[in-house]
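Raw contents of input.txt, compact mmCIF, C-alpha atoms and all ligand atoms:
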# COMPACT_ATOMS: atom_id res chain seq x y z
CA MET A 1 -7.10 -32.71 -22.38
CA ARG A 2 -9.32 -30.21 -24.23
CA ALA A 3 -11.22 -27.36 -22.65
CA ALA A 4 -14.95 -28.15 -22.43
CA SER A 5 -16.91 -26.66 -25.29
CA GLY A 6 -18.22 -23.29 -24.22
CA LEU A 7 -15.26 -22.65 -21.95
CA ARG A 8 -13.65 -19.69 -23.64
CA HIS A 9 -12.23 -17.58 -20.82
CA ILE A 10 -10.49 -18.52 -17.55
CA ALA A 11 -9.63 -15.90 -14.91
CA ILE A 12 -7.20 -16.76 -12.11
CA ILE A 13 -6.23 -15.18 -8.78
CA MET A 14 -2.73 -16.57 -8.37
CA ASP A 15 -2.49 -16.63 -4.58
CA GLY A 16 -0.17 -18.33 -2.11
CA ASN A 17 3.34 -17.36 -3.24
CA GLY A 18 4.28 -15.96 0.17
CA ARG A 19 3.07 -19.00 2.08
CA TRP A 20 4.84 -21.32 -0.37
CA ALA A 21 8.11 -19.54 0.40
CA MET A 22 7.49 -19.44 4.16
CA GLN A 23 6.88 -23.21 4.23
CA ARG A 24 10.37 -23.61 2.76
CA HIS A 25 11.96 -21.02 5.06
CA LEU A 26 12.66 -18.86 2.02
CA PRO A 27 12.08 -15.13 1.59
CA ARG A 28 8.72 -14.18 0.05
CA HIS A 29 10.32 -13.14 -3.22
CA ALA A 30 11.39 -16.76 -3.79
CA GLY A 31 7.68 -17.60 -3.83
CA HIS A 32 7.00 -14.90 -6.40
CA ARG A 33 9.83 -16.20 -8.57
CA ALA A 34 8.45 -19.74 -8.38
CA GLY A 35 5.06 -18.21 -9.21
CA VAL A 36 6.39 -16.96 -12.55
CA LYS A 37 7.17 -20.56 -13.53
CA ALA A 38 3.60 -21.57 -12.70
CA VAL A 39 2.41 -18.71 -14.95
CA ARG A 40 4.52 -20.06 -17.80
CA ARG A 41 3.12 -23.59 -17.34
CA THR A 42 -0.46 -22.35 -17.13
CA VAL A 43 -0.16 -20.14 -20.22
CA GLU A 44 1.27 -23.05 -22.20
CA THR A 45 -1.41 -25.49 -21.07
CA CYS A 46 -4.23 -23.03 -21.78
CA ALA A 47 -2.85 -22.34 -25.26
CA GLU A 48 -2.56 -26.06 -25.90
CA ILE A 49 -6.08 -27.00 -24.79
CA GLY A 50 -7.73 -24.25 -26.78
CA VAL A 51 -8.77 -21.69 -24.16
CA GLU A 52 -9.30 -18.36 -25.94
CA VAL A 53 -8.66 -15.93 -23.09
CA LEU A 54 -6.66 -16.29 -19.86
CA THR A 55 -6.82 -13.39 -17.39
CA LEU A 56 -4.32 -13.43 -14.52
CA PHE A 57 -4.33 -11.26 -11.40
CA ALA A 58 -0.69 -10.30 -10.95
CA PHE A 59 -0.82 -7.19 -8.76
CA SER A 60 -3.88 -5.61 -7.18
CA SER A 61 -4.51 -1.95 -6.53
CA GLU A 62 -4.28 -2.88 -2.82
CA ASN A 63 -0.93 -4.68 -3.11
CA TRP A 64 0.89 -1.32 -2.81
CA ARG A 65 0.14 -1.68 0.91
CA ARG A 66 2.78 -4.43 1.20
CA PRO A 67 6.25 -3.67 2.57
CA SER A 68 8.10 -1.49 0.07
CA GLN A 69 10.79 -4.12 -0.34
CA GLU A 70 8.25 -6.70 -1.49
CA VAL A 71 6.61 -4.18 -3.85
CA GLY A 72 10.07 -3.43 -5.22
CA THR A 73 10.86 -7.10 -5.92
CA LEU A 74 7.47 -7.58 -7.55
CA MET A 75 8.18 -4.66 -9.89
CA GLU A 76 11.63 -6.03 -10.72
CA LEU A 77 10.16 -9.42 -11.37
CA PHE A 78 7.56 -7.91 -13.64
CA MET A 79 10.26 -6.14 -15.58
CA THR A 80 12.48 -9.21 -15.98
CA ALA A 81 9.57 -11.57 -16.73
CA LEU A 82 8.24 -9.26 -19.46
CA GLY A 83 11.72 -9.22 -20.96
CA SER A 84 12.41 -12.93 -20.71
CA GLU A 85 8.94 -14.17 -21.68
CA ALA A 86 8.29 -11.85 -24.63
CA ALA A 87 10.00 -14.00 -27.27
CA ARG A 88 8.41 -17.20 -25.94
CA LEU A 89 4.93 -15.68 -25.91
CA HIS A 90 5.41 -14.41 -29.44
CA LYS A 91 6.70 -17.77 -30.65
CA ASN A 92 3.65 -19.45 -29.12
CA ASN A 93 1.34 -17.04 -30.98
CA VAL A 94 0.07 -15.54 -27.67
CA ARG A 95 -1.29 -12.00 -27.66
CA LEU A 96 -0.53 -10.15 -24.43
CA ALA A 97 -2.52 -7.24 -23.04
CA ILE A 98 -2.11 -5.61 -19.64
CA ILE A 99 -5.09 -4.13 -17.81
CA GLY A 100 -5.09 -1.85 -14.78
CA ASP A 101 -3.98 1.67 -13.98
CA ARG A 102 -0.48 1.70 -15.42
CA SER A 103 0.17 5.34 -14.68
CA ALA A 104 1.45 4.32 -11.22
CA PHE A 105 4.29 2.24 -12.69
CA ASP A 106 7.78 3.40 -13.43
CA ALA A 107 8.17 4.83 -16.98
CA LYS A 108 10.58 2.04 -17.96
CA LEU A 109 8.14 -0.63 -16.89
CA GLN A 110 5.32 1.11 -18.77
CA ALA A 111 7.51 1.23 -21.88
CA ARG A 112 8.32 -2.47 -21.60
CA MET A 113 4.61 -3.30 -21.22
CA ARG A 114 3.83 -1.39 -24.41
CA LYS A 115 6.70 -3.08 -26.24
CA VAL A 116 5.50 -6.62 -25.48
CA GLU A 117 1.92 -5.68 -26.33
CA GLU A 118 3.08 -4.27 -29.67
CA LEU A 119 5.29 -7.27 -30.42
CA THR A 120 2.42 -9.72 -29.89
CA ALA A 121 -0.48 -7.54 -31.12
CA ASP A 122 -1.07 -9.48 -34.35
CA ASN A 123 -0.92 -12.95 -32.83
CA ASN A 124 -4.17 -14.90 -32.98
CA GLY A 125 -3.59 -17.70 -30.48
CA LEU A 126 -4.31 -17.44 -26.77
CA GLN A 127 -5.17 -13.95 -25.56
CA LEU A 128 -3.31 -13.44 -22.28
CA ILE A 129 -4.49 -10.60 -20.06
CA VAL A 130 -2.31 -9.63 -17.13
CA SER A 131 -3.98 -7.47 -14.48
CA ALA A 132 -1.48 -5.10 -12.92
CA ASN A 133 -2.42 -2.35 -10.48
CA TYR A 134 -5.90 -3.59 -11.25
CA GLY A 135 -8.95 -3.30 -9.03
CA GLY A 136 -12.53 -4.14 -9.92
CA ARG A 137 -13.73 -0.90 -8.32
CA TRP A 138 -11.15 1.07 -10.29
CA ASP A 139 -12.37 -0.59 -13.49
CA ILE A 140 -16.03 0.27 -12.83
CA SER A 141 -15.19 3.84 -11.86
CA GLN A 142 -12.97 4.45 -14.90
CA ALA A 143 -15.80 3.15 -17.11
CA ALA A 144 -18.28 5.46 -15.34
CA ARG A 145 -15.88 8.39 -15.82
CA ARG A 146 -15.65 7.74 -19.56
CA LEU A 147 -19.42 7.55 -19.88
CA ALA A 148 -19.79 10.78 -17.88
CA GLN A 149 -17.33 12.38 -20.30
CA ARG A 150 -19.48 11.31 -23.25
CA VAL A 151 -22.53 12.77 -21.51
CA GLU A 152 -20.68 16.05 -20.91
CA GLU A 153 -19.76 16.15 -24.56
CA GLY A 154 -23.42 15.71 -25.52
CA GLU A 155 -22.80 12.40 -27.28
CA LEU A 156 -24.93 10.36 -24.88
CA ARG A 157 -27.88 11.12 -22.56
CA ALA A 158 -27.67 10.05 -18.93
CA ALA A 159 -31.10 8.39 -19.18
CA GLU A 160 -29.85 6.14 -21.99
CA ILE A 161 -27.04 4.55 -19.95
CA SER A 162 -27.45 0.78 -19.73
CA PRO A 163 -25.27 -2.10 -18.55
CA ASP A 164 -24.17 -2.49 -22.19
CA HIS A 165 -22.74 1.04 -22.21
CA LEU A 166 -20.82 0.39 -19.02
CA HIS A 167 -19.68 -2.98 -20.32
CA GLY A 168 -18.30 -1.30 -23.43
CA GLU A 169 -16.01 0.90 -21.34
CA MET A 170 -14.70 -1.82 -19.02
CA SER A 171 -11.17 -3.17 -19.35
CA LEU A 172 -12.29 -6.46 -20.90
CA ALA A 173 -14.76 -4.92 -23.37
CA GLY A 174 -15.05 -6.98 -26.53
CA LEU A 175 -13.91 -10.22 -24.89
CA PRO A 176 -16.13 -13.08 -23.76
CA GLU A 177 -16.86 -12.90 -20.01
CA PRO A 178 -14.89 -15.31 -17.81
CA ASP A 179 -16.56 -18.74 -17.77
CA LEU A 180 -14.37 -20.12 -15.00
CA PHE A 181 -12.71 -18.29 -12.11
CA ILE A 182 -9.97 -20.08 -10.18
CA ARG A 183 -8.40 -18.87 -6.94
CA THR A 184 -5.49 -20.84 -5.52
CA GLY A 185 -4.12 -20.51 -1.99
CA GLY A 186 -7.25 -21.53 -0.08
CA GLU A 187 -8.86 -18.11 0.43
CA GLN A 188 -12.45 -17.82 -0.73
CA ARG A 189 -12.80 -14.20 -1.77
CA ILE A 190 -12.62 -12.00 -4.85
CA SER A 191 -10.16 -9.41 -3.42
CA ASN A 192 -11.39 -6.66 -5.78
CA PHE A 193 -10.61 -8.64 -8.95
CA LEU A 194 -13.09 -8.59 -11.86
CA LEU A 195 -16.20 -7.43 -9.96
CA TRP A 196 -18.32 -6.56 -12.99
CA GLN A 197 -17.20 -9.37 -15.25
CA LEU A 198 -17.63 -12.24 -12.77
CA ALA A 199 -21.41 -11.78 -12.52
CA TYR A 200 -22.14 -15.24 -14.00
CA THR A 201 -18.74 -16.89 -13.81
CA GLU A 202 -18.40 -20.32 -12.19
CA LEU A 203 -16.20 -19.93 -9.10
CA TYR A 204 -13.60 -22.55 -8.15
CA PHE A 205 -11.36 -22.35 -5.09
CA ALA A 206 -8.34 -24.60 -4.63
CA ASP A 207 -6.04 -25.05 -1.62
CA VAL A 208 -2.92 -25.53 -3.74
CA LEU A 209 -0.45 -22.67 -3.41
CA TRP A 210 0.13 -20.90 -6.72
CA PRO A 211 3.78 -22.00 -7.28
CA ASP A 212 2.61 -25.64 -7.08
CA PHE A 213 -0.28 -25.15 -9.53
CA ASP A 214 0.21 -27.52 -12.45
CA ARG A 215 -1.61 -29.27 -15.25
CA GLU A 216 -3.39 -31.67 -12.88
CA HIS A 217 -4.77 -28.83 -10.78
CA LEU A 218 -6.02 -27.11 -13.91
CA GLU A 219 -7.57 -30.37 -15.08
CA ALA A 220 -9.37 -30.74 -11.74
CA ALA A 221 -10.80 -27.24 -12.16
CA LEU A 222 -11.91 -28.01 -15.71
CA THR A 223 -13.60 -31.21 -14.55
CA ALA A 224 -15.44 -29.33 -11.80
CA TYR A 225 -16.53 -26.76 -14.39
CA ALA A 226 -17.76 -29.45 -16.78
CA ASN A 227 -20.03 -30.77 -14.00
CA ARG A 228 -21.69 -27.43 -13.29
CA GLN A 229 -24.96 -26.38 -14.82
CA ARG A 230 -24.94 -22.73 -15.84
CA ARG A 231 -28.49 -21.48 -15.63
CA PHE A 232 -28.25 -17.71 -16.09
CA GLY A 233 -31.57 -17.31 -14.29
CA HIS A 234 -33.41 -20.11 -16.11
CA THR A 235 -34.69 -23.24 -14.42
CA SER A 236 -32.77 -26.44 -14.69
CA GLU A 237 -35.51 -27.92 -16.92
CA GLN A 238 -35.30 -24.99 -19.29
CA VAL A 239 -31.56 -25.42 -19.59
CA GLU A 240 -31.99 -29.14 -20.38
CA ARG A 241 -34.61 -28.37 -22.99
CA LEU A 242 -32.43 -25.71 -24.61
CA ARG A 243 -29.52 -28.11 -24.69
CA ASN A 244 -31.51 -30.86 -26.37
CA ALA A 245 -33.21 -28.54 -28.87
C1 LIG A 301 0.01 -13.78 -4.61
O1 LIG A 301 0.67 -14.41 -3.55
C2 LIG A 301 0.92 -12.86 -5.37
C3 LIG A 301 0.64 -11.43 -5.21
C4 LIG A 301 -0.31 -10.91 -4.49
C5 LIG A 301 1.50 -10.53 -5.94
P1 LIG A 301 0.79 -13.76 -2.10
O2 LIG A 301 2.05 -12.98 -2.05
O3 LIG A 301 -0.45 -13.02 -1.77
O4 LIG A 301 0.92 -15.06 -1.21
P2 LIG A 301 0.34 -15.27 0.26
O5 LIG A 301 -1.13 -15.06 0.19
O6 LIG A 301 1.02 -14.26 1.14
O7 LIG A 301 0.72 -16.67 0.57
C1 LIG A 302 -4.99 -10.98 -4.60
O1 LIG A 302 -4.23 -11.64 -3.64
C2 LIG A 302 -4.10 -10.27 -5.57
C3 LIG A 302 -3.25 -11.09 -6.41
C4 LIG A 302 -3.16 -12.40 -6.44
C5 LIG A 302 -2.44 -10.35 -7.32
P1 LIG A 302 -3.93 -11.03 -2.20
O2 LIG A 302 -3.12 -12.04 -1.51
O3 LIG A 302 -3.36 -9.67 -2.34
O4 LIG A 302 -5.40 -10.91 -1.59
P2 LIG A 302 -5.86 -10.70 -0.08
O5 LIG A 302 -5.16 -9.48 0.42
O6 LIG A 302 -5.44 -11.90 0.70
O7 LIG A 302 -7.34 -10.55 -0.14
MG MG A 303 -2.17 -13.61 -0.83

Is it possible to express this structure as structure tokens?
Ligand code: IPE
Ligand code: IPE
Ligand code: MG
Amino acid sequence: MRAASGLRHIAIIMDGNGRWAMQRHLPRHAGHRAGVKAVRRTVETCAEIGVEVLTLFAFSSENWRRPSQEVGTLMELFMTALGSEAARLHKNNVRLAIIGDRSAFDAKLQARMRKVEELTADNNGLQLIVSANYGGRWDISQAARRLAQRVEEGELRAAEISPDHLHGEMSLAGLPEPDLFIRTGGEQRISNFLLWQLAYTELYFADVLWPDFDREHLEAALTAYANRQRRFGHTSEQVERLRNA
């Protein structure tokens, strides 16, 4: 399997860990633990098939609303996974970056995030982006704040602000926009993930619960993507003509 040409960036909402555990009469954290294994598989497959960027939604800005015990296990899991996966990521030439408002995390967790980012910073294989305490609205507002700062400092005029300026301040600035969005777990919503960046992304929803997500599920998503026609506002005929030119 190779990623279709033109498919550079996949973004995934990894949903369904809790239900996976409930179906097995296990505590929710067992689902999150099984979810880490699915992350490992997915990262390896994406690296192998030549995807350039993989962005994963690991913890949303709204997930703090969960019972404190669940939030606690998720933080612990984050900490241990960053520790145990660092060497493997590095060996596989993966570059890891974490996006989101990290200031809410424990200092030790923040330090570990920095350490893995530094360790893998010069790798040139798959770029793995983990979204933690991330919200699409947060991302847009932090970008707006930075632009406002530049206006206050006299470096930019308010009237000059364009989508490109805002884009340049967003968390994924400099990276290709997601071509394919996948949400597992059967829900069909964005849940405050990449609101700005998904403007022209192909959306794919799968019923499979995240811990069960494997190579075949990814292949099914890639096949669905390969059968879509991305028009970006053009007509279908224009797209055909451009393709054959
Ligand atoms: C996604 O699985 C993981 C996180 C949000 C951290 P859920 O925990 O949301 O699983 P369900 O939706 O309850 O099954
Ligand atoms: C979205 O899943 C966040 C992550 C997968 C990290 P949720 O399970 O939190 O989303 P909602 O609450 O069902 O919309
Ligand atoms: Mg969920």

Could you list, as a list of chain:residue names, all the residues within 8 Å of ligand MG 303 (chain A), counting only C-alpha atoms and all ligand atoms?
-> A:Asp15, A:Gly16, A:Asn17, A:Gly18, A:Gly185

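The space separating atom CA of Arg137 of chain A from atom CA of His234 of chain A comes to 28.6 Å.
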
Could you list, as a tab-separated table (two decimals) with C-alpha atoms, in the coordinates of the input, all residues that come within 8 Å of ligand LIG 301 (chain A)? Count only C-alpha atoms and all ligand atoms.
chain	number	residue	atom	x	y	z
A	13	ILE	CA	-6.23	-15.18	-8.78
A	14	MET	CA	-2.73	-16.57	-8.37
A	15	ASP	CA	-2.49	-16.63	-4.58
A	16	GLY	CA	-0.17	-18.33	-2.11
A	17	ASN	CA	3.34	-17.36	-3.24
A	18	GLY	CA	4.28	-15.96	0.17
A	19	ARG	CA	3.07	-19.00	2.08
A	20	TRP	CA	4.84	-21.32	-0.37
A	21	ALA	CA	8.11	-19.54	0.40
A	28	ARG	CA	8.72	-14.18	0.05
A	31	GLY	CA	7.68	-17.60	-3.83
A	32	HIS	CA	7.00	-14.90	-6.40
A	35	GLY	CA	5.06	-18.21	-9.21
A	57	PHE	CA	-4.33	-11.26	-11.40
A	58	ALA	CA	-0.69	-10.30	-10.95
A	59	PHE	CA	-0.82	-7.19	-8.76
A	60	SER	CA	-3.88	-5.61	-7.18
A	63	ASN	CA	-0.93	-4.68	-3.11
A	74	LEU	CA	7.47	-7.58	-7.55
A	185	GLY	CA	-4.12	-20.51	-1.99
A	209	LEU	CA	-0.45	-22.67	-3.41
A	210	TRP	CA	0.13	-20.90	-6.72

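The coordinates place atom CA of Val94 of chain A at 11.7 Å from atom CA of Gly50 of chain A.
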
Looking at A:Leu175, A:Ala3, A:Gln69, A:Thr80, which one is nearest to Ala224 of chain A, with distances taken over only C-alpha atoms?
-> A:Ala3

Select, from A:Asn93, A:Gln238, A:Ser141, A:Asn192, the residue with the minimum atom-to-atom distance to ligand LIG 302 (chain A), counting all atoms listed in the file.
-> A:Asn192

What is the distance, in Å and to one decimal place, between atom CA of His167 of chain A and atom CA of Gln197 of chain A?
-> 8.5 Å

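Counting only C-alpha atoms and comparing A:Arg33, A:Arg8, A:Arg102, A:Arg150, the residue that lies closest to Leu77 of chain A is A:Arg33.
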
Contacts of Ala199 of chain A at 10 Å (all atoms listed in the file; same-chain gap of 5+ positions) as an mmCIF file with C-alpha atoms, keeping the file's coordinate frame:
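New file selection23.cif:
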data_model
loop_
_atom_site.group_PDB
_atom_site.id
_atom_site.type_symbol
_atom_site.label_atom_id
_atom_site.label_comp_id
_atom_site.auth_asym_id
_atom_site.auth_seq_id
_atom_site.Cartn_x
_atom_site.Cartn_y
_atom_site.Cartn_z
ATOM 1 C CA GLU A 177 -16.860 -12.900 -20.010
ATOM 2 C CA PRO A 178 -14.890 -15.310 -17.810
ATOM 3 C CA ASP A 179 -16.560 -18.740 -17.770
ATOM 4 C CA LEU A 194 -13.090 -8.590 -11.860
ATOM 5 C CA PHE A 232 -28.250 -17.710 -16.090
#

Box dimensions and centre (Å, one decimal) enclosing ligand LIG 302 (chain A), axis-aligned, 6 Å extra per side, as AutoDock Vina command-line options:
--center_x -4.9 --center_y -10.9 --center_z -3.3 --size_x 16.9 --size_y 14.9 --size_z 20.0

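For the choices A:Pro163, A:Pro27, A:Gly125, A:Gly136, the atom-to-atom distance to ligand LIG 302 (chain A) is smallest for A:Gly136 when using only C-alpha atoms and all ligand atoms.
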
Residue among A:Glu44, A:Glu76, A:Glu70, A:Glu187 lying closest to Arg88 of chain A, counting all atoms listed in the file = A:Glu44
